[in-house]
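Engineer: Next up is a structure, given as structure tokens.
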Amino acid sequence: MSKQLALVIDLNVCVGCHACVTSCKEWNTSGSAGALPDERPYGKDPSGTFFNRVQTFEVGEFPNVETVHFPKSCLHCEDPPCVPVCPTGASYKREEDGIVLVDYDKCIGCEYCSWACPYGAREIDTRQKVMKKCTLCVDRIYDPELPESERKPACVLACPTSARLFGDVNDPDSEVSVAIREEGGYQLMPEWGTNPANHYLPRRKQRITIHEDELIRADSPLKKEGVHPHGPVEDVTLDDVTSW
Amino acid sequence: MNPAFSVIFLTTLIGTGQGLFIAVVFGQPYSGSGTSNYGLVATILAFAFLAAGLFASFFHLGRPERAWRAVTEWRTSWLSREVIALPIAMILVLIYALLQWIPGLVDGKGMNIIGLAGVFVMLALFFCTGMIYACVKFLQEWATPWTIINYTVLGTASGFVLATALSAALDVARLGEFKGLAIAFTLIGLITRLFSFQRNNRIKYRSSIQTAVGIKHRKITQRSMGHTGGSFNTRAFFHHCSHKLISNLRLVVIVIVFVIPVAMLILYGYLPREEILWAAFIVQYIGLLAERWLFFAQANHPQNLYYQTVG
């Protein structure tokens, strides 16, 4: 199977700090592709183009309620519905690593691809008038100028709880594949067959059952830690008794 | 979806132009002596409508200067196919106009071949326009054959109403056929549109907040969409109009697109004043603008599940 780079986002540890949002914005507004504009950032009705958003959902009803912080960016679908609808070929999926990109020099800003994305991952750049979306920091992950450890998307490096993993989901031994396999990773809106490459790891609750009598070590004959009074019995067993 | 007026004008204007051209080609066998310049005027008017629609479409583009690039992905994109079909249709209409302007260039058979080729491209264009919307499978209000049927029937009806008004102004001989077909197409449109309204009333959405965030709990409430100001996602996909307005508008559309024009066309039989037919066309066209607005406003994009609460 061909390489498919993707993010795996662990909802169990995301604390909703928005560090991935700000680091994404910082990296991608500073690149050679041009700024990600903010309109009236300090004004009455601020707006801006972002590749990544952290949303918050409340699951359940008080008092049995849980807050889930939910980072959302382009999922780099393996069968991206936004690509075939593009009339100019500006929207494309890279053969070599599966990243879905927009060629900003070819995009005519018709917004059809945004209609064709069920996840709302694409946002129009209000100044350049072209469609933009998460690039998986394609201008960073292959940069030989950077030390090997920093060749990761900006959001992954910024996450203080390591809720974001980055790797090849088609390589069964990669960190992300192991996480998906062993922690129950899932895709968003599987009903549309888009086969998103990004996966989410669910909230996981670890519980151990402790009964009250287990709190006191009633079974220790010495009532303290130490060497057992005798070693394991080796010679006489019931079998030996009956077989004479 | 938040309706974009450039697209509303594009689809309604080219729909009328396509319908008018179909009407002209249909009317050709009835042209009789050919003393009237009806065919030429109607063909040029059809071209004008197509050109006006093309002009309107540029306002939808962020980068209109690159619009020519849109012809490249015809293998996969219905939008690209529409971008190719529209100029071909316009060229055929121009040729058809030229052949009428300079008679004798081709014989009647040649005219019919060009005309029928034009009609074929018009139908293909209706299909492309409809498929742009019908192929987006998760916009469930659009992903139905009714989308293509309605685009075709409503555009044709509008074109035939205009052809009726034109024939009243220029050549009364063909009026009866056009009027009859205008009424017929409008009534067919009423039936097909009512079917699509009915279908969309009963849609069971495949996506839910549960599939959107992947948590299997009955009660999930959004507390924050990640930003307090607006974004492209809140501007492009929400129309911010009440359900009441939408359902009232639906009634208005049924009355002014179908009921009033048909009534006026019938009225013309008893009170033959040209103005009635022009008014019928204008009222229906305004109604079609509202119909197209509704078409967009009623479409519920699954991305809206992620943008429920500012928080």
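Naming scheme: A, B, ... for chains in displayed order of the structure tokens; residues 1 onward per chain; ligands 1 onward as shown.
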Determine which residues of range 117-293 of chain B DSSP labels as strand (DSSP E or B) from the backbone of this structure, then write them out as a list in words.
Structural biologist: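 Filtering range 117-293 of chain B down to strand (DSSP E or B) leaves Ile220, Thr221, Gln222, Arg223 and Ser224 of chain B.
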Engineer: Write to file, as a compact mmCIF listing (two decimals), in the first residue's frame, the residues of the selection just made, with N, CA, C and O atoms.
Structural biologist:
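Below is the file that was written, selection_21.txt:
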# COMPACT_ATOMS: atom_id res chain seq x y z
N ILE B 220 -25.27 14.76 22.74
CA ILE B 220 -24.02 15.48 22.55
C ILE B 220 -24.38 16.92 22.21
O ILE B 220 -25.17 17.17 21.30
N THR B 221 -23.82 17.86 22.96
CA THR B 221 -24.12 19.26 22.73
C THR B 221 -22.82 19.99 22.43
O THR B 221 -21.84 19.79 23.14
N GLN B 222 -22.84 20.82 21.40
CA GLN B 222 -21.63 21.59 21.15
C GLN B 222 -21.59 22.76 22.12
O GLN B 222 -22.59 23.43 22.36
N ARG B 223 -20.40 22.99 22.68
CA ARG B 223 -20.22 24.12 23.60
C ARG B 223 -19.37 25.21 22.98
O ARG B 223 -19.40 26.35 23.43
N SER B 224 -18.56 24.84 21.99
CA SER B 224 -17.74 25.85 21.34
C SER B 224 -17.38 25.36 19.94
O SER B 224 -17.09 24.18 19.75
Engineer: So which residues touch Asp38 in chain A within 12 Å, counting only C-alpha atoms, skipping near sequence neighbours fewer than 6 positions away, as number ranges by chain?
Structural biologist: A: 25-26, 29, 45-50, 124-128; B: 229-232
Engineer: Residues as selected, N, CA and C atoms, written as a PDB file, in the first residue's frame, can you do that?
Structural biologist:
ATOM      1  N   LYS A  25      -1.428  28.306  12.822  1.00  0.00           N
ATOM      2  CA  LYS A  25      -1.600  29.634  12.224  1.00  0.00           C
ATOM      3  C   LYS A  25      -0.247  30.314  12.069  1.00  0.00           C
ATOM      4  N   GLU A  26       0.568  30.215  13.110  1.00  0.00           N
ATOM      5  CA  GLU A  26       1.879  30.881  13.098  1.00  0.00           C
ATOM      6  C   GLU A  26       2.745  30.346  11.970  1.00  0.00           C
ATOM      7  N   THR A  29       1.042  31.039   8.361  1.00  0.00           N
ATOM      8  CA  THR A  29       0.895  32.428   7.926  1.00  0.00           C
ATOM      9  C   THR A  29       2.257  33.002   7.560  1.00  0.00           C
ATOM     10  N   ASP A  45     -15.917  42.524  14.794  1.00  0.00           N
ATOM     11  CA  ASP A  45     -16.383  41.268  14.215  1.00  0.00           C
ATOM     12  C   ASP A  45     -15.200  40.543  13.578  1.00  0.00           C
ATOM     13  N   PRO A  46     -14.301  40.004  14.415  1.00  0.00           N
ATOM     14  CA  PRO A  46     -13.075  39.416  13.859  1.00  0.00           C
ATOM     15  C   PRO A  46     -13.360  38.140  13.074  1.00  0.00           C
ATOM     16  N   SER A  47     -12.542  37.889  12.078  1.00  0.00           N
ATOM     17  CA  SER A  47     -12.684  36.682  11.267  1.00  0.00           C
ATOM     18  C   SER A  47     -11.313  36.346  10.698  1.00  0.00           C
ATOM     19  N   GLY A  48     -11.139  35.113  10.331  1.00  0.00           N
ATOM     20  CA  GLY A  48      -9.846  34.759   9.779  1.00  0.00           C
ATOM     21  C   GLY A  48      -9.859  33.377   9.176  1.00  0.00           C
ATOM     22  N   THR A  49      -8.791  33.056   8.456  1.00  0.00           N
ATOM     23  CA  THR A  49      -8.663  31.756   7.828  1.00  0.00           C
ATOM     24  C   THR A  49      -7.755  30.890   8.684  1.00  0.00           C
ATOM     25  N   PHE A  50      -8.241  29.736   9.026  1.00  0.00           N
ATOM     26  CA  PHE A  50      -7.478  28.800   9.857  1.00  0.00           C
ATOM     27  C   PHE A  50      -7.499  27.424   9.203  1.00  0.00           C
ATOM     28  N   ILE A 124     -11.912  29.620   2.585  1.00  0.00           N
ATOM     29  CA  ILE A 124     -11.409  30.485   1.524  1.00  0.00           C
ATOM     30  C   ILE A 124     -10.521  31.562   2.150  1.00  0.00           C
ATOM     31  N   ASP A 125      -9.437  31.873   1.458  1.00  0.00           N
ATOM     32  CA  ASP A 125      -8.575  32.968   1.864  1.00  0.00           C
ATOM     33  C   ASP A 125      -9.213  34.255   1.336  1.00  0.00           C
ATOM     34  N   THR A 126      -9.665  35.119   2.266  1.00  0.00           N
ATOM     35  CA  THR A 126     -10.447  36.282   1.838  1.00  0.00           C
ATOM     36  C   THR A 126      -9.600  37.321   1.096  1.00  0.00           C
ATOM     37  N   ARG A 127      -8.287  37.234   1.213  1.00  0.00           N
ATOM     38  CA  ARG A 127      -7.438  38.207   0.499  1.00  0.00           C
ATOM     39  C   ARG A 127      -6.961  37.621  -0.831  1.00  0.00           C
ATOM     40  N   GLN A 128      -6.374  36.411  -0.776  1.00  0.00           N
ATOM     41  CA  GLN A 128      -5.868  35.802  -2.015  1.00  0.00           C
ATOM     42  C   GLN A 128      -6.987  35.237  -2.877  1.00  0.00           C
TER      43      GLN A 128
ATOM     44  N   GLY B 229     -15.683  34.783  16.497  1.00  0.00           N
ATOM     45  CA  GLY B 229     -16.044  35.531  15.300  1.00  0.00           C
ATOM     46  C   GLY B 229     -16.493  34.555  14.226  1.00  0.00           C
ATOM     47  N   GLY B 230     -16.992  35.086  13.134  1.00  0.00           N
ATOM     48  CA  GLY B 230     -17.430  34.220  12.042  1.00  0.00           C
ATOM     49  C   GLY B 230     -16.243  33.660  11.272  1.00  0.00           C
ATOM     50  N   SER B 231     -16.520  32.678  10.431  1.00  0.00           N
ATOM     51  CA  SER B 231     -15.483  32.128   9.569  1.00  0.00           C
ATOM     52  C   SER B 231     -16.147  31.769   8.247  1.00  0.00           C
ATOM     53  N   PHE B 232     -15.349  31.305   7.306  1.00  0.00           N
ATOM     54  CA  PHE B 232     -15.908  30.859   6.029  1.00  0.00           C
ATOM     55  C   PHE B 232     -16.992  29.816   6.266  1.00  0.00           C
TER      56      PHE B 232
END
Engineer: Each residue of chain B lying at most 6 Å from chain A should get a row with its shortest atom-to-atom pair and the distance in Å to one decimal, counting only C-alpha atoms; could you produce that, ordered by chain and increasing number, as a Markdown table?
Structural biologist:
| residue | atom | partner | partner_atom | distance |
| --- | --- | --- | --- | --- |
| B:Leu61 | CA | A:Cys110 | CA | 4.8 |
| B:Gly62 | CA | A:Gly109 | CA | 4.3 |
| B:Arg63 | CA | A:Ile108 | CA | 4.7 |
| B:Arg66 | CA | A:Ile108 | CA | 5.7 |
| B:Arg69 | CA | A:Thr88 | CA | 5.2 |
| B:Ala70 | CA | A:Thr88 | CA | 4.5 |
| B:Thr72 | CA | A:Thr88 | CA | 5.6 |
| B:Glu73 | CA | A:Pro87 | CA | 5.0 |
| B:Thr76 | CA | A:Pro84 | CA | 5.2 |
| B:Ser77 | CA | A:Val85 | CA | 4.4 |
| B:Leu79 | CA | A:Pro87 | CA | 5.8 |
| B:Ser80 | CA | A:Pro87 | CA | 4.5 |
| B:Val136 | CA | A:Ala116 | CA | 5.9 |
| B:Thr211 | CA | A:Met189 | CA | 4.9 |
| B:Ala212 | CA | A:Met189 | CA | 5.3 |
| B:Gly214 | CA | A:Leu188 | CA | 5.9 |
| B:Lys219 | CA | A:Gly60 | CA | 5.2 |
| B:Ile220 | CA | A:Val59 | CA | 4.5 |
| B:Thr221 | CA | A:Glu58 | CA | 5.0 |
| B:Gln222 | CA | A:Phe57 | CA | 4.3 |
| B:Arg223 | CA | A:Phe57 | CA | 5.3 |
| B:Ser224 | CA | A:Thr56 | CA | 4.9 |
| B:Met225 | CA | A:Gln55 | CA | 4.7 |
| B:Gly226 | CA | A:Gln55 | CA | 4.6 |
| B:Gly229 | CA | A:Pro46 | CA | 5.1 |
| B:Gly230 | CA | A:Ser47 | CA | 5.4 |
| B:Ser231 | CA | A:Ser47 | CA | 5.6 |
| B:Phe232 | CA | A:Glu123 | CA | 5.5 |
| B:Pro302 | CA | A:Pro118 | CA | 5.5 |
| B:Gln303 | CA | A:Gly120 | CA | 4.8 |
Engineer: If you run DSSP on this backbone, which residues of range 13-217 of chain A come out as alpha helix (DSSP H), and could you give them as number ranges by chain?
Structural biologist: A: 19-29, 82-85, 112-115, 154-158, 175-183
Engineer: Select, from B:Leu245, B:Leu94, B:Ala56, B:Ala163, the residue with the minimum atom-to-atom distance to Leu265 in chain B, counting only C-alpha atoms.
Structural biologist: B:Ala163
Engineer: Can you tell me, as a list in words, what residues are no more than 10 Å from range 135-146 of chain A when counting only C-alpha atoms, ignoring any on the same chain fewer than 5 positions away?
Structural biologist: Leu5, Ala6, Leu7, Cys24, Trp27, Asn28, Gly31, Ser32, Ala33, Phe51, Ser73, Cys74, Leu75, His76, Asp97, Ile99, Val100, Leu101, Val102, Arg151, Lys152, Pro153, Ala154, Cys155, Val156 and Phe166 of chain A
Engineer: Can you tell me, as an MDAnalysis selection string, what residues are no more than 12 Å from Ser174 in chain A when counting only C-alpha atoms, ignoring any on the same chain fewer than 2 positions away?
Structural biologist: chainID A and resid 3:8 165:172 176:181
Engineer: Keeping only N, CA and C atoms, write those residues as an mmCIF file, in the first residue's frame.
Structural biologist:
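Listing of selection_5.cif after writing:
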data_model
loop_
_atom_site.group_PDB
_atom_site.id
_atom_site.type_symbol
_atom_site.label_atom_id
_atom_site.label_comp_id
_atom_site.auth_asym_id
_atom_site.auth_seq_id
_atom_site.Cartn_x
_atom_site.Cartn_y
_atom_site.Cartn_z
ATOM 1 N N LYS A 3 2.154 5.110 0.659
ATOM 2 C CA LYS A 3 2.292 5.874 1.891
ATOM 3 C C LYS A 3 1.112 6.837 2.070
ATOM 4 N N GLN A 4 0.617 6.952 3.276
ATOM 5 C CA GLN A 4 -0.454 7.900 3.569
ATOM 6 C C GLN A 4 -0.151 8.570 4.903
ATOM 7 N N LEU A 5 0.388 9.768 4.829
ATOM 8 C CA LEU A 5 0.664 10.503 6.061
ATOM 9 C C LEU A 5 -0.638 11.008 6.656
ATOM 10 N N ALA A 6 -0.697 11.051 7.966
ATOM 11 C CA ALA A 6 -1.923 11.468 8.631
ATOM 12 C C ALA A 6 -1.641 11.816 10.080
ATOM 13 N N LEU A 7 -2.644 12.423 10.688
ATOM 14 C CA LEU A 7 -2.589 12.713 12.113
ATOM 15 C C LEU A 7 -3.506 11.749 12.844
ATOM 16 N N VAL A 8 -3.101 11.365 14.023
ATOM 17 C CA VAL A 8 -3.991 10.619 14.904
ATOM 18 C C VAL A 8 -4.153 11.470 16.161
ATOM 19 N N LEU A 165 -0.501 12.574 17.108
ATOM 20 C CA LEU A 165 0.547 11.705 16.578
ATOM 21 C C LEU A 165 0.578 11.901 15.073
ATOM 22 N N PHE A 166 1.763 11.731 14.500
ATOM 23 C CA PHE A 166 1.917 11.957 13.064
ATOM 24 C C PHE A 166 2.694 10.795 12.467
ATOM 25 N N GLY A 167 2.189 10.274 11.341
ATOM 26 C CA GLY A 167 2.927 9.188 10.701
ATOM 27 C C GLY A 167 2.151 8.610 9.531
ATOM 28 N N ASP A 168 2.652 7.470 9.057
ATOM 29 C CA ASP A 168 2.078 6.800 7.897
ATOM 30 C C ASP A 168 1.055 5.763 8.365
ATOM 31 N N VAL A 169 -0.225 6.024 8.075
ATOM 32 C CA VAL A 169 -1.251 5.091 8.563
ATOM 33 C C VAL A 169 -1.300 3.803 7.741
ATOM 34 N N ASN A 170 -0.612 3.784 6.605
ATOM 35 C CA ASN A 170 -0.597 2.561 5.808
ATOM 36 C C ASN A 170 0.573 1.646 6.140
ATOM 37 N N ASP A 171 1.456 2.124 7.024
ATOM 38 C CA ASP A 171 2.557 1.273 7.485
ATOM 39 C C ASP A 171 2.106 0.637 8.806
ATOM 40 N N PRO A 172 1.876 -0.675 8.803
ATOM 41 C CA PRO A 172 1.277 -1.306 9.997
ATOM 42 C C PRO A 172 2.127 -1.198 11.255
ATOM 43 N N VAL A 176 1.442 5.592 14.527
ATOM 44 C CA VAL A 176 0.024 5.916 14.359
ATOM 45 C C VAL A 176 -0.808 4.665 14.103
ATOM 46 N N SER A 177 -0.271 3.730 13.310
ATOM 47 C CA SER A 177 -1.038 2.516 13.032
ATOM 48 C C SER A 177 -1.228 1.686 14.289
ATOM 49 N N VAL A 178 -0.184 1.610 15.091
ATOM 50 C CA VAL A 178 -0.286 0.856 16.346
ATOM 51 C C VAL A 178 -1.325 1.506 17.250
ATOM 52 N N ALA A 179 -1.295 2.844 17.310
ATOM 53 C CA ALA A 179 -2.259 3.550 18.160
ATOM 54 C C ALA A 179 -3.691 3.300 17.674
ATOM 55 N N ILE A 180 -3.893 3.372 16.354
ATOM 56 C CA ILE A 180 -5.238 3.149 15.804
ATOM 57 C C ILE A 180 -5.700 1.735 16.139
ATOM 58 N N ARG A 181 -4.784 0.793 15.964
ATOM 59 C CA ARG A 181 -5.137 -0.615 16.152
ATOM 60 C C ARG A 181 -5.402 -0.942 17.608
#
Engineer: List as a short mmCIF file (atom, residue, chain, number, x, y, z; two decimals) with all heavy atoms, in the first residue's frame the protein and nucleic acid residues near range 159-164 of chain A, meaning an atom at most 8 Å away when only C-alpha atoms are counted, but skip any in the same chain fewer than 5 places from it.
Structural biologist:
data_model
loop_
_atom_site.label_atom_id
_atom_site.label_comp_id
_atom_site.auth_asym_id
_atom_site.auth_seq_id
_atom_site.Cartn_x
_atom_site.Cartn_y
_atom_site.Cartn_z
N LEU A 7 -2.64 12.42 10.69
CA LEU A 7 -2.59 12.71 12.11
C LEU A 7 -3.51 11.75 12.84
O LEU A 7 -4.55 11.36 12.32
CB LEU A 7 -3.07 14.14 12.40
CG LEU A 7 -2.26 15.28 11.81
CD1 LEU A 7 -3.01 16.59 12.01
CD2 LEU A 7 -0.89 15.35 12.47
N VAL A 8 -3.10 11.36 14.02
CA VAL A 8 -3.99 10.62 14.90
C VAL A 8 -4.15 11.47 16.16
O VAL A 8 -3.16 11.85 16.80
CB VAL A 8 -3.43 9.22 15.23
CG1 VAL A 8 -4.23 8.58 16.35
CG2 VAL A 8 -3.47 8.35 14.00
N ILE A 9 -5.40 11.80 16.47
CA ILE A 9 -5.67 12.75 17.55
C ILE A 9 -6.32 12.01 18.71
O ILE A 9 -7.36 11.36 18.54
CB ILE A 9 -6.55 13.90 17.04
CG1 ILE A 9 -5.75 14.69 15.99
CG2 ILE A 9 -6.98 14.80 18.18
CD1 ILE A 9 -6.57 15.56 15.11
N ASP A 10 -5.68 12.08 19.85
CA ASP A 10 -6.13 11.34 21.02
C ASP A 10 -7.07 12.22 21.84
O ASP A 10 -6.64 13.11 22.57
CB ASP A 10 -4.91 10.90 21.84
CG ASP A 10 -5.29 9.87 22.90
OD1 ASP A 10 -6.50 9.73 23.16
OD2 ASP A 10 -4.38 9.24 23.45
N LEU A 11 -8.37 11.96 21.73
CA LEU A 11 -9.35 12.75 22.47
C LEU A 11 -9.27 12.49 23.97
O LEU A 11 -9.81 13.24 24.77
CB LEU A 11 -10.77 12.45 21.97
CG LEU A 11 -11.04 12.76 20.50
CD1 LEU A 11 -12.48 12.45 20.15
CD2 LEU A 11 -10.74 14.21 20.17
N ASN A 12 -8.56 11.42 24.33
CA ASN A 12 -8.43 11.09 25.75
C ASN A 12 -7.50 12.06 26.46
O ASN A 12 -7.62 12.26 27.66
CB ASN A 12 -7.89 9.66 25.89
CG ASN A 12 -8.23 9.05 27.23
OD1 ASN A 12 -9.30 9.29 27.76
ND2 ASN A 12 -7.30 8.30 27.79
N VAL A 13 -6.57 12.64 25.72
CA VAL A 13 -5.61 13.51 26.39
C VAL A 13 -5.68 14.96 25.94
O VAL A 13 -5.05 15.82 26.54
CB VAL A 13 -4.15 13.00 26.24
CG1 VAL A 13 -3.94 11.79 27.09
CG2 VAL A 13 -3.81 12.71 24.80
N CYS A 14 -6.45 15.25 24.88
CA CYS A 14 -6.56 16.65 24.44
C CYS A 14 -7.24 17.45 25.54
O CYS A 14 -8.30 17.08 26.04
CB CYS A 14 -7.38 16.75 23.16
SG CYS A 14 -7.65 18.45 22.65
N VAL A 15 -6.58 18.57 25.93
CA VAL A 15 -7.15 19.40 27.00
C VAL A 15 -7.80 20.67 26.44
O VAL A 15 -8.24 21.52 27.19
CB VAL A 15 -6.08 19.77 28.05
CG1 VAL A 15 -5.66 18.54 28.82
CG2 VAL A 15 -4.88 20.45 27.39
N ALA A 19 -3.25 25.20 21.52
CA ALA A 19 -1.85 25.41 21.13
C ALA A 19 -1.64 24.95 19.68
O ALA A 19 -0.88 25.57 18.93
CB ALA A 19 -0.91 24.65 22.06
N CYS A 20 -2.34 23.88 19.26
CA CYS A 20 -2.21 23.42 17.87
C CYS A 20 -2.77 24.45 16.90
O CYS A 20 -2.26 24.62 15.79
CB CYS A 20 -2.90 22.07 17.69
SG CYS A 20 -4.60 22.01 18.25
#
Engineer: Near Glu274 in chain B, counting only C-alpha atoms, which residues have an atom at most 7 Å away, once you skip same-chain residues fewer than 4 positions from it, shown as a list in words?
Structural biologist: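 The residues that qualify are Ala165, Ala168, Ala169 and Trp278 of chain B.
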Engineer: Would you mind exporting N, CA, C and O atoms of the selected residues as an mmCIF file, in the first residue's frame?
Structural biologist:
data_model
loop_
_atom_site.group_PDB
_atom_site.id
_atom_site.type_symbol
_atom_site.label_atom_id
_atom_site.label_comp_id
_atom_site.auth_asym_id
_atom_site.auth_seq_id
_atom_site.Cartn_x
_atom_site.Cartn_y
_atom_site.Cartn_z
ATOM 1 N N ALA B 165 -44.363 34.920 -25.463
ATOM 2 C CA ALA B 165 -44.457 36.383 -25.455
ATOM 3 C C ALA B 165 -43.839 36.961 -26.722
ATOM 4 O O ALA B 165 -44.395 37.873 -27.347
ATOM 5 N N ALA B 168 -45.990 36.483 -29.735
ATOM 6 C CA ALA B 168 -47.115 37.421 -29.726
ATOM 7 C C ALA B 168 -46.669 38.772 -30.253
ATOM 8 O O ALA B 168 -47.420 39.466 -30.943
ATOM 9 N N ALA B 169 -45.405 39.115 -29.939
ATOM 10 C CA ALA B 169 -44.909 40.421 -30.366
ATOM 11 C C ALA B 169 -44.556 40.436 -31.843
ATOM 12 O O ALA B 169 -44.686 41.463 -32.507
ATOM 13 N N TRP B 278 -45.786 39.046 -21.535
ATOM 14 C CA TRP B 278 -44.512 39.543 -20.988
ATOM 15 C C TRP B 278 -44.541 39.498 -19.469
ATOM 16 O O TRP B 278 -43.559 39.114 -18.831
#
Engineer: If you measure from CA of Gly180 in chain B to CA of Ala23 in chain B, what distance in Å do you get, rounded to one decimal?
Structural biologist: 11.8 Å
Engineer: Could you name the residues that touch Ile286 in chain B at 9 Å or less, counting only C-alpha atoms, but leaving out those on the same chain fewer than 4 positions away, as a JSON list (two decimals) with N, CA and C atoms, in the first residue's frame?
Structural biologist:
[["chain", "number", "residue", "atom", "x", "y", "z"],
["B", 256, "ILE", "N", -46.03, 31.87, -7.74],
["B", 256, "ILE", "CA", -45.57, 32.78, -8.81],
["B", 256, "ILE", "C", -44.76, 32.08, -9.90],
["B", 257, "VAL", "N", -44.26, 30.89, -9.64],
["B", 257, "VAL", "CA", -43.57, 30.19, -10.75],
["B", 257, "VAL", "C", -44.58, 29.40, -11.59],
["B", 281, "PHE", "N", -43.95, 36.06, -18.21],
["B", 281, "PHE", "CA", -42.53, 35.66, -18.22],
["B", 281, "PHE", "C", -41.78, 36.29, -17.05],
["B", 282, "ILE", "N", -42.01, 37.60, -16.84],
["B", 282, "ILE", "CA", -41.25, 38.30, -15.79],
["B", 282, "ILE", "C", -41.62, 37.75, -14.41],
["B", 290, "ALA", "N", -36.47, 33.02, -6.84],
["B", 290, "ALA", "CA", -36.82, 32.60, -5.47],
["B", 290, "ALA", "C", -36.71, 31.08, -5.34],
["B", 291, "GLU", "N", -37.11, 30.38, -6.40],
["B", 291, "GLU", "CA", -37.04, 28.90, -6.38],
["B", 291, "GLU", "C", -35.60, 28.45, -6.24]]
Engineer: Write out as a tab-separated table a residue-level contact list of range 17-126 of chain B versus range 137-155 of chain B with cut-off 8 Å: for each qualifying residue the closest pair of atoms and the distance in Å to one decimal, counting only C-alpha atoms, rows sorted by chain and residue number upward.
Structural biologist:
residue	atom	partner	partner_atom	distance
B:Gly17	CA	B:Gly155	CA	7.9
B:Gln18	CA	B:Gly155	CA	6.9
B:Gly19	CA	B:Gly155	CA	5.5
B:Leu123	CA	B:Thr152	CA	7.3
B:Phe126	CA	B:Thr152	CA	5.4
